[in-house]
Structures are given as structure tokens and as C-alpha cells.
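Student: One structure, as C-alpha cells, below. Some questions next.
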Amino acid sequence: MTPTLADRIDDLLPQTQCEQCGFHGCRPYAEAIAADEAEINRCPPGGAIGIARLATLLDRAILPLDTSRGEEKPRTLARIVEADCIGCTKCIQACPVDAILGASKLMHTVVSDLCTGCELCVPACPVDCITLDPMPQAQADDRAHADTARLRFQRREARVARDRDMRERQLAASKRDVGAPAARNAVLEALARAKAKKKDTP
């Protein structure tokens with residue numbers, strides 16, 4: 001299958017899925033650029049190099065980074081200070097690529113090889129136990145790492161959508177059950193008929 005323009009743009013994005021661009025992940029941003037609905041300078045993790053690559057692909061002028069979206073800075077990896085973790089799972093829920101392992105009321109940990117440095121887990125943590133360490137440059141530049149992040153994001157989005165649909169179906173079924181008339185009680189109905197028959201007998 002021939003890659004679409006959005007595919008080619010997406011391939012140039014860092015796949016942090018950080019949403020700093022104002023879109024829910026790199027792919028929606030790529031689609032907006034392809035549709036000429038967004039500028040090419042809204043990705044702080046991609047920085048000046050990313051903007052230049054997009055400009056070359058699209059034959060557009062190079063623009064300075066839109067700093068209202070954030071500043072360009074070295075990529076980072078999240079790390080949980082495990083001694084301070086309370087196991088609330090809020091960071092797990094915030095991570096767009098399922099790079100955090102743990103369970104409710106148990107210590108969590110970040111799988112550094114999967115982390116994209118999106119930083120979405122940091123504000124989600126209620127006890128400020130997440131720190132940011134420098135990401136190795138080889139990992140930041142690795143397209144295979146970006147491709148893995150894209151795939152993990154897509155899988156997570158599909159799982160979240162399935163879970164949401166299931167909850168909605170369960171809620172709809174519960175509402176139907178509540179609104180349904182009470183089940184007929186055959187025994188009580190038989191007794192009522194017998195009672196009525198006896199009353200009608202002279």
C-alpha cells in the first residue's frame with residue numbers, strides 16, 4: 001500500500017504522543033498537517049530538526065518553533081521513586097504507550113526502553129514521585145523506538161475504546177433491567193386466580 005501524505009508526515013514525528021501540539025497524539029497532528037489545518041512548528045520534542053524535515057517533505061518554509069506549545073529541550077525518561085509510590089495507578093492511566101507497570105496499591109515502575117518522555121505521568125502523580133532523567137541520544141534518535149511507541153499507542157487506544165464500549169453496553173443493559181416490568185410470579189398469579197374463583201363460587 002502506498003503511504004499517504006499523513007503516513008509520511010507521521011513517520012517524521014517523534015511519536016512521544018505528548019499532546020503538546022494540541023492533538024491527541026502524533027497521528028492526529030500528522031493528519032491535520034496533511035489537511036493544511038495545522039502548522040509544522042507545533043512539536044517541541046521534534047524541535048528545529050523536526051520542523052526542517054517536515055518543511056522539506058511538504059515544500060514549505062521553515063518556521064520557528066511555536067513556543068506556546070513548549071520549549072525545545074533534550075528528551076527525557078520518566079522514573080518513579082519507588083519508595084514514595086503509593087500505587088494509585090494514576091500514572092498508568094496517563095501513560096499513552098503503556099510503559100508503566102504496576103497495580104493498585106502496589107509499587108509502580110517505568111520500563112525505560114518503552115518510555116517516550118511525554119511527561120504526561122508527571123502532573124498525574126499526586127505525590128510527586130516521578131522524576132525525569134536524560135534520555136540516551138541513541139534512543140531519542142532511534143526510529144525503531146518511535147515505531148514501537150506508535151504501535152503501543154495504537155494498541156492502547158484500541159483497548160481503551162473496547163473498554164469504553166463495554167462499559168457503555170453494560171450501563172445500557174442495566175438501565176433496561178431497571179426499566180423492565182417486574183418478573184411475573186406464577187405462584188402468586190395462581191393463588192390470585194384460585195382466590196378469585198373461590199370468591200365467585202356460590
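By convention in this document, the chains of the C-alpha cells carry letters A, B, ... by their order, each chain's residues are numbered from 1, and ligands are numbered from 1 in the order they are shown.
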Write out as JSON lines a residue-level contact list of region 78-167 of chain A versus region 15-38 of chain A with cut-off 9 Å: for each qualifying residue the closest pair of atoms and the distance in Å to one decimal, counting only C-alpha atoms, rows sorted by chain and residue number upward.
Tutor:
{"residue": "A:Pro96", "atom": "CA", "partner": "A:Gln17", "partner_atom": "CA", "distance": 6.5}
{"residue": "A:Val97", "atom": "CA", "partner": "A:Gln17", "partner_atom": "CA", "distance": 8.0}
{"residue": "A:Cys115", "atom": "CA", "partner": "A:Thr16", "partner_atom": "CA", "distance": 8.4}
{"residue": "A:Thr116", "atom": "CA", "partner": "A:Thr16", "partner_atom": "CA", "distance": 4.9}
{"residue": "A:Gly117", "atom": "CA", "partner": "A:Thr16", "partner_atom": "CA", "distance": 6.5}
{"residue": "A:Cys118", "atom": "CA", "partner": "A:Cys18", "partner_atom": "CA", "distance": 4.4}
{"residue": "A:Glu119", "atom": "CA", "partner": "A:Cys18", "partner_atom": "CA", "distance": 7.1}
{"residue": "A:Leu120", "atom": "CA", "partner": "A:Cys18", "partner_atom": "CA", "distance": 6.6}
{"residue": "A:His145", "atom": "CA", "partner": "A:Gln15", "partner_atom": "CA", "distance": 8.8}
{"residue": "A:Ala146", "atom": "CA", "partner": "A:Gln15", "partner_atom": "CA", "distance": 5.3}
{"residue": "A:Asp147", "atom": "CA", "partner": "A:Gln15", "partner_atom": "CA", "distance": 7.5}
{"residue": "A:Thr148", "atom": "CA", "partner": "A:Gln15", "partner_atom": "CA", "distance": 8.9}
{"residue": "A:Ala149", "atom": "CA", "partner": "A:Gln15", "partner_atom": "CA", "distance": 6.1}
{"residue": "A:Arg150", "atom": "CA", "partner": "A:Gln15", "partner_atom": "CA", "distance": 5.8}
{"residue": "A:Phe153", "atom": "CA", "partner": "A:Gln17", "partner_atom": "CA", "distance": 7.6}
Student: Please identify the strand (DSSP E or B) residues within region 47-180 of chain A (assignment by DSSP from backbone atoms) and present them as JSON, numbers by chain.
Tutor: {"A": [76, 77, 78, 79, 80, 100, 101, 109, 110, 130, 131, 132, 133, 134]}
Student: Can you check which residues of region 24-195 of chain A DSSP gives as alpha helix (DSSP H) on the backbone and send them as a CSV table (one decimal) with C-alpha atoms, in the first residue's frame?
Tutor:
chain,number,residue,atom,x,y,z
A,26,CYS,CA,1.2,12.3,16.7
A,27,ARG,CA,-1.1,10.8,14.1
A,28,PRO,CA,-4.0,13.3,14.5
A,29,TYR,CA,-1.4,16.1,14.3
A,30,ALA,CA,0.0,14.5,11.1
A,31,GLU,CA,-3.4,14.3,9.6
A,32,ALA,CA,-4.1,18.0,10.5
A,33,ILE,CA,-0.8,19.0,8.8
A,34,ALA,CA,-1.7,16.9,5.7
A,47,GLY,CA,12.3,20.7,17.6
A,48,ALA,CA,14.0,22.6,14.9
A,49,ILE,CA,15.3,19.4,13.2
A,50,GLY,CA,11.7,18.0,13.0
A,51,ILE,CA,10.4,21.3,11.6
A,52,ALA,CA,13.1,21.3,8.9
A,53,ARG,CA,12.3,17.7,7.9
A,54,LEU,CA,8.6,18.5,7.7
A,55,ALA,CA,9.3,21.6,5.7
A,56,THR,CA,11.4,19.6,3.2
A,57,LEU,CA,8.8,16.9,2.8
A,58,LEU,CA,6.0,19.5,2.3
A,90,LYS,CA,-2.9,7.4,38.0
A,91,CYS,CA,0.4,7.4,36.1
A,92,ILE,CA,-0.5,4.1,34.5
A,93,GLN,CA,-3.7,5.6,33.3
A,94,ALA,CA,-1.9,8.7,31.9
A,121,CYS,CA,2.6,11.0,34.0
A,122,VAL,CA,4.3,13.8,36.0
A,123,PRO,CA,1.2,16.0,36.6
A,124,ALA,CA,-0.9,12.9,37.1
A,137,GLN,CA,20.6,10.2,22.4
A,138,ALA,CA,20.6,6.9,20.6
A,139,GLN,CA,17.1,6.2,22.0
A,140,ALA,CA,15.9,9.6,21.1
A,141,ASP,CA,17.1,9.3,17.5
A,143,ARG,CA,13.2,5.3,14.5
A,144,ALA,CA,12.6,1.7,15.6
A,145,HIS,CA,11.9,3.1,19.1
A,146,ALA,CA,9.5,5.6,17.6
A,147,ASP,CA,7.8,2.9,15.5
A,148,THR,CA,7.3,0.8,18.7
A,149,ALA,CA,5.8,3.8,20.5
A,150,ARG,CA,3.4,4.4,17.7
A,151,LEU,CA,2.3,0.7,17.7
A,152,ARG,CA,1.9,0.7,21.5
A,153,PHE,CA,-0.1,3.9,21.4
A,154,GLN,CA,-2.4,2.4,18.7
A,155,ARG,CA,-2.9,-0.8,20.7
A,156,ARG,CA,-3.7,1.2,23.9
A,157,GLU,CA,-6.2,3.4,22.1
A,158,ALA,CA,-7.9,0.3,20.7
A,159,ARG,CA,-8.1,-1.3,24.2
A,160,VAL,CA,-9.4,1.9,25.8
A,161,ALA,CA,-12.1,2.1,23.1
A,162,ARG,CA,-13.1,-1.5,23.6
A,163,ASP,CA,-13.3,-1.0,27.4
A,164,ARG,CA,-15.4,2.2,26.9
A,165,ASP,CA,-17.8,0.4,24.6
A,166,MET,CA,-18.2,-2.5,27.0
A,167,ARG,CA,-18.9,-0.1,29.9
A,168,GLU,CA,-21.5,1.7,27.8
A,169,ARG,CA,-23.2,-1.6,26.8
A,170,GLN,CA,-23.2,-2.7,30.4
A,171,LEU,CA,-24.7,0.6,31.5
A,172,ALA,CA,-27.4,0.4,28.8
A,173,ALA,CA,-28.2,-3.2,29.8
A,174,SER,CA,-28.5,-2.1,33.5
A,175,LYS,CA,-30.9,0.7,32.5
A,176,ARG,CA,-33.0,-1.7,30.6
A,177,ASP,CA,-33.2,-4.1,33.5
A,178,VAL,CA,-34.2,-1.3,35.9
A,179,GLY,CA,-36.9,-0.1,33.5
A,186,ALA,CA,-46.5,-17.7,38.5
A,187,VAL,CA,-47.3,-18.9,42.0
A,188,LEU,CA,-48.8,-15.6,43.2
A,189,GLU,CA,-50.8,-15.4,40.0
A,190,ALA,CA,-52.2,-18.9,40.5
A,191,LEU,CA,-53.1,-18.2,44.1
A,192,ALA,CA,-54.9,-15.0,43.0
A,193,ARG,CA,-56.9,-16.9,40.3
A,194,ALA,CA,-57.9,-19.5,42.9
A,195,LYS,CA,-58.9,-16.9,45.3
Student: At a cut-off of 7 Å, using only C-alpha atoms, what residues contact Arg42 (chain A)? Leave out same-chain residues fewer than 2 positions from it and give the result as an MDAnalysis selection string.
Tutor: chainID A and resid 21 39:40 44 65:66 69
Student: Calculated over only C-alpha atoms, which of the candidates A:Thr2, A:Ser68, A:Thr76, A:Thr109 has the smallest distance to Pro45 (chain A)?
Tutor: A:Thr76
Student: Mind pulling up the distance from CA of Leu101 (chain A) to CA of Asp11 (chain A)?
Tutor: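 Computing the Euclidean distance for CA of Asp11 (chain A) and CA of Leu101 (chain A) yields 27.3 Å.
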Student: Distance CA of Ala78 (chain A)-CA of Ser112 (chain A), one decimal place?
Tutor: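 Separation between CA of Ala78 (chain A) and CA of Ser112 (chain A): 7.3 Å.
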Student: Give me, please, the distance in Å between CA of Cys129 (chain A) and CA of Asp84 (chain A), quoted to one decimal.
Tutor: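 Atom-to-atom, CA of Cys129 (chain A) to CA of Asp84 (chain A), that is 5.7 Å.
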